[in-house]
Amino acid sequence: MTQELHTDIVIFGGGIAGLWLLNRLRQQGLETVLLETDALGGGQTLASQGIIHGGLKYALSGVLSPASSAIAAMPDRWRQCLAGEGDIDLRQTKVLAPHYFMWSSGGYRSRLKTFLGSKALRGRIDALSASSYPEFLRGQSLSGTLYKLTDFVVDTPSLVSNLSSPHADRIFHVPKEQMRLVCNNKGAIAQLALNTSRGTIALSAKRYILAAGEGNGALLSQIGIEQPSMQVRPLHMLALRSDHPHPVFLHCIGDSFGMTPRMTITSHPSQDGGWIWYIGGEIAESGVDRSAEQQIALGRQQLQEVFPWVDYDRAQWTSFFINRAEPKLANLQRPDTAYLHATENVLLTWPTKLTLTPELGQSVVNTLQQQSIAAESGSNEGSTLAQLRKQFATASIAQPRWEDLLR
Ligand SMILES: Cc1cc2nc3c(=O)[nH]c(=O)nc-3n(C[C@H](O)[C@H](O)[C@H](O)COP(=O)(O)OP(=O)(O)OC[C@H]3O[C@@H](n4cnc5c(N)ncnc54)[C@H](O)[C@@H]3O)c2cc1C
């Protein structure tokens, strides 16, 4: 038996992109349903470092591009949301660090890069004297300069919870094998067939939003869209739990010619009440060719070099591989802006960075308005949600990857 259901918008994917869009579209009064094949945030979002960037990466060469100006506006835009005055009310989202720091921890070239960056970011960066060092570095005599950035760090589990809890009634866990797209040959989705123990639900919508991160690749193939396409950038991230009492939030700028920090370190509360230090940056990018043992050995060596006063002997280490999913650009360049492509009744999205999600949200709202997709009176939404609820549970929130790995 097939049951026909209708809604305005179907969103695929419950990472930051899908959840942010769900909130923005509900503000517009659009009937919206979000489908998640796994657990909310369990893709890139909870694996991210949670840094709301202000564009430092683009400034280390000393030259600011238009993309860097766009991202420079993001910390303030997020701060408005955190104060309950922005695009979305994020007052339930925790801030782990109100500022992020940058340290020229290497030799001459690292000092040159941080100096050029500080000039390019004039007004958005402060060189600190030893008396203003964050707790972790207090009392240490550092070589090179320590800078305070406008960037800050959010707690991603509380962000996912903040965005999902007001809309739990319209977020459904639908396993991949129960979901099939019915498409025409023009790159449009005719409907979504959801297989249940009681038959098939044929769910149709005015627009379908692909916000499934790396899962967008398979959705594009099912719809038959070859262009645009997706690229993935693999990373080999490191995490350690030590009994050191202080969290670290720091880019360690090294001596390579590249513009990626040698290590980008964030700290996240662990369930046992301590801190997990989480390490990305150049070591994670180059680490995709290293085994877990090699990556951990190098991580330990690099940390020992930059923070020799910490005792690593009792630390527990882990590492894992994860892909960043983005639109594929010419020459495998990294995209600098949030990405939205509208074709037929499909909107393809990648925020590219957690930081840029507010920009993505605004682009989707603008596009739907241009396409005259608006809330209508006389809705039968209650019955669509009630029928879906009979078959599918609310998707749960995933755990950060290190919680399982560092037991
Ligand atoms: C290691 C790492 C560190 C990062 N650090 C930062 C940072 O500090 N600051 C920053 O700004 N950005 C950072 N990023 C980038 C940022 O995390 C991503 O841009 C962002 O989380 C992408 O969100 P998303 O919702 O598009 O994808 P995801 O978070 O990957 O979510 C996609 C969701 O879709 C679901 N899904 C997959 N297929 C389907 C399907 N067919 N139907 C329904 N659901 C489906 C998945 O289960 C998943 O829950 C980092 C990324 C990584 C990997």
# chains A, B, ... in the order shown; residues from 1 in each chain; ligands from 1
call {"tool": "closest_atom_pairs", "arguments": {"of": "chain A", "to": "ligand 1", "cutoff": "7 Å", "atoms": "only C-alpha atoms and all ligand atoms", "output": "Markdown table"}}
result
| residue | atom | partner | partner_atom_place_in_ligand_line | distance |
| --- | --- | --- | --- | --- |
| A:Phe12 | CA | ligand 1 | 43 (C) | 4.1 |
| A:Gly13 | CA | ligand 1 | 34 (O) | 3.3 |
| A:Gly14 | CA | ligand 1 | 49 (O) | 4.6 |
| A:Gly15 | CA | ligand 1 | 25 (O) | 3.4 |
| A:Ile16 | CA | ligand 1 | 25 (O) | 4.1 |
| A:Ala17 | CA | ligand 1 | 25 (O) | 3.8 |
| A:Gly18 | CA | ligand 1 | 25 (O) | 5.6 |
| A:Leu35 | CA | ligand 1 | 43 (C) | 5.1 |
| A:Glu36 | CA | ligand 1 | 44 (N) | 3.9 |
| A:Thr37 | CA | ligand 1 | 44 (N) | 4.5 |
| A:Asp38 | CA | ligand 1 | 47 (O) | 4.5 |
| A:Ala39 | CA | ligand 1 | 49 (O) | 5.6 |
| A:Leu40 | CA | ligand 1 | 49 (O) | 4.9 |
| A:Gly41 | CA | ligand 1 | 49 (O) | 4.9 |
| A:Gly42 | CA | ligand 1 | 49 (O) | 4.9 |
| A:Gly43 | CA | ligand 1 | 30 (O) | 3.6 |
| A:Gln44 | CA | ligand 1 | 29 (O) | 3.8 |
| A:Thr45 | CA | ligand 1 | 21 (O) | 3.4 |
| A:Leu46 | CA | ligand 1 | 29 (O) | 6.9 |
| A:Ala47 | CA | ligand 1 | 1 (C) | 5.2 |
| A:Ser48 | CA | ligand 1 | 3 (C) | 3.4 |
| A:Gln49 | CA | ligand 1 | 8 (O) | 3.7 |
| A:Gly50 | CA | ligand 1 | 8 (O) | 4.1 |
| A:Ile51 | CA | ligand 1 | 8 (O) | 3.7 |
| A:Ile52 | CA | ligand 1 | 11 (O) | 5.3 |
| A:His53 | CA | ligand 1 | 11 (O) | 6.1 |
| A:Lys176 | CA | ligand 1 | 41 (N) | 6.2 |
| A:Ala211 | CA | ligand 1 | 26 (O) | 5.5 |
| A:Ala212 | CA | ligand 1 | 34 (O) | 3.4 |
| A:Gly213 | CA | ligand 1 | 27 (O) | 3.7 |
| A:Glu214 | CA | ligand 1 | 30 (O) | 6.0 |
| A:Gly215 | CA | ligand 1 | 38 (N) | 3.5 |
| A:Asn216 | CA | ligand 1 | 38 (N) | 6.3 |
| A:Ala218 | CA | ligand 1 | 41 (N) | 7.0 |
| A:Leu219 | CA | ligand 1 | 41 (N) | 5.9 |
| A:Leu235 | CA | ligand 1 | 1 (C) | 6.4 |
| A:Met237 | CA | ligand 1 | 1 (C) | 6.3 |
| A:Gly280 | CA | ligand 1 | 1 (C) | 6.7 |
| A:Ile322 | CA | ligand 1 | 53 (C) | 5.6 |
| A:Asn323 | CA | ligand 1 | 53 (C) | 5.4 |
| A:Arg324 | CA | ligand 1 | 53 (C) | 4.5 |
| A:Trp350 | CA | ligand 1 | 26 (O) | 4.9 |
| A:Pro351 | CA | ligand 1 | 19 (O) | 5.3 |
| A:Thr352 | CA | ligand 1 | 19 (O) | 4.1 |
| A:Lys353 | CA | ligand 1 | 19 (O) | 3.4 |
| A:Leu354 | CA | ligand 1 | 11 (O) | 3.5 |
| A:Thr355 | CA | ligand 1 | 11 (O) | 3.7 |
| A:Leu356 | CA | ligand 1 | 11 (O) | 6.5 |
call {"tool": "select_by_dssp", "arguments": {"residues": "region 30-89 of chain A", "states": "helix (DSSP H, G or I)", "output": "list of chain:residue names"}}
result
A:Thr45, A:Leu46, A:Ala47, A:Leu56, A:Lys57, A:Tyr58, A:Ala59, A:Pro66, A:Ala67, A:Ser68, A:Ser69, A:Ala70, A:Ile71, A:Ala72, A:Met74, A:Pro75, A:Asp76, A:Arg77, A:Trp78, A:Arg79, A:Gln80, A:Cys81, A:Leu82
call {"tool": "atom_distance", "arguments": {"atom1": "CA of Leu329 (chain A)", "atom2": "CA of Pro234 (chain A)"}}
result
16.0 Å
call {"tool": "residues_around", "arguments": {"residues": "Glu293 (chain A)", "least_positions_apart": "5", "cutoff": "12 Å", "atoms": "only C-alpha atoms", "output": "list in words"}}
result
His236, Leu238, Gly287, Leu298, Gly299, Arg300, Trp317, Thr318, Ser319 and Phe320 of chain A
call {"tool": "residues_around", "arguments": {"residues": "region 367-384 of chain A", "least_positions_apart": "6", "cutoff": "7 Å", "atoms": "only C-alpha atoms", "output": "PyMOL selection string"}}
result
chain A and resi 5-7+29-31
call {"tool": "select_by_dssp", "arguments": {"residues": "region 128-262 of chain A", "states": "strand (DSSP E or B)", "output": "VMD selection string"}}
result
chain A and resid 146 to 149 152 to 154 171 to 173 179 to 183 189 to 196 199 to 210 230 to 241 250 to 253
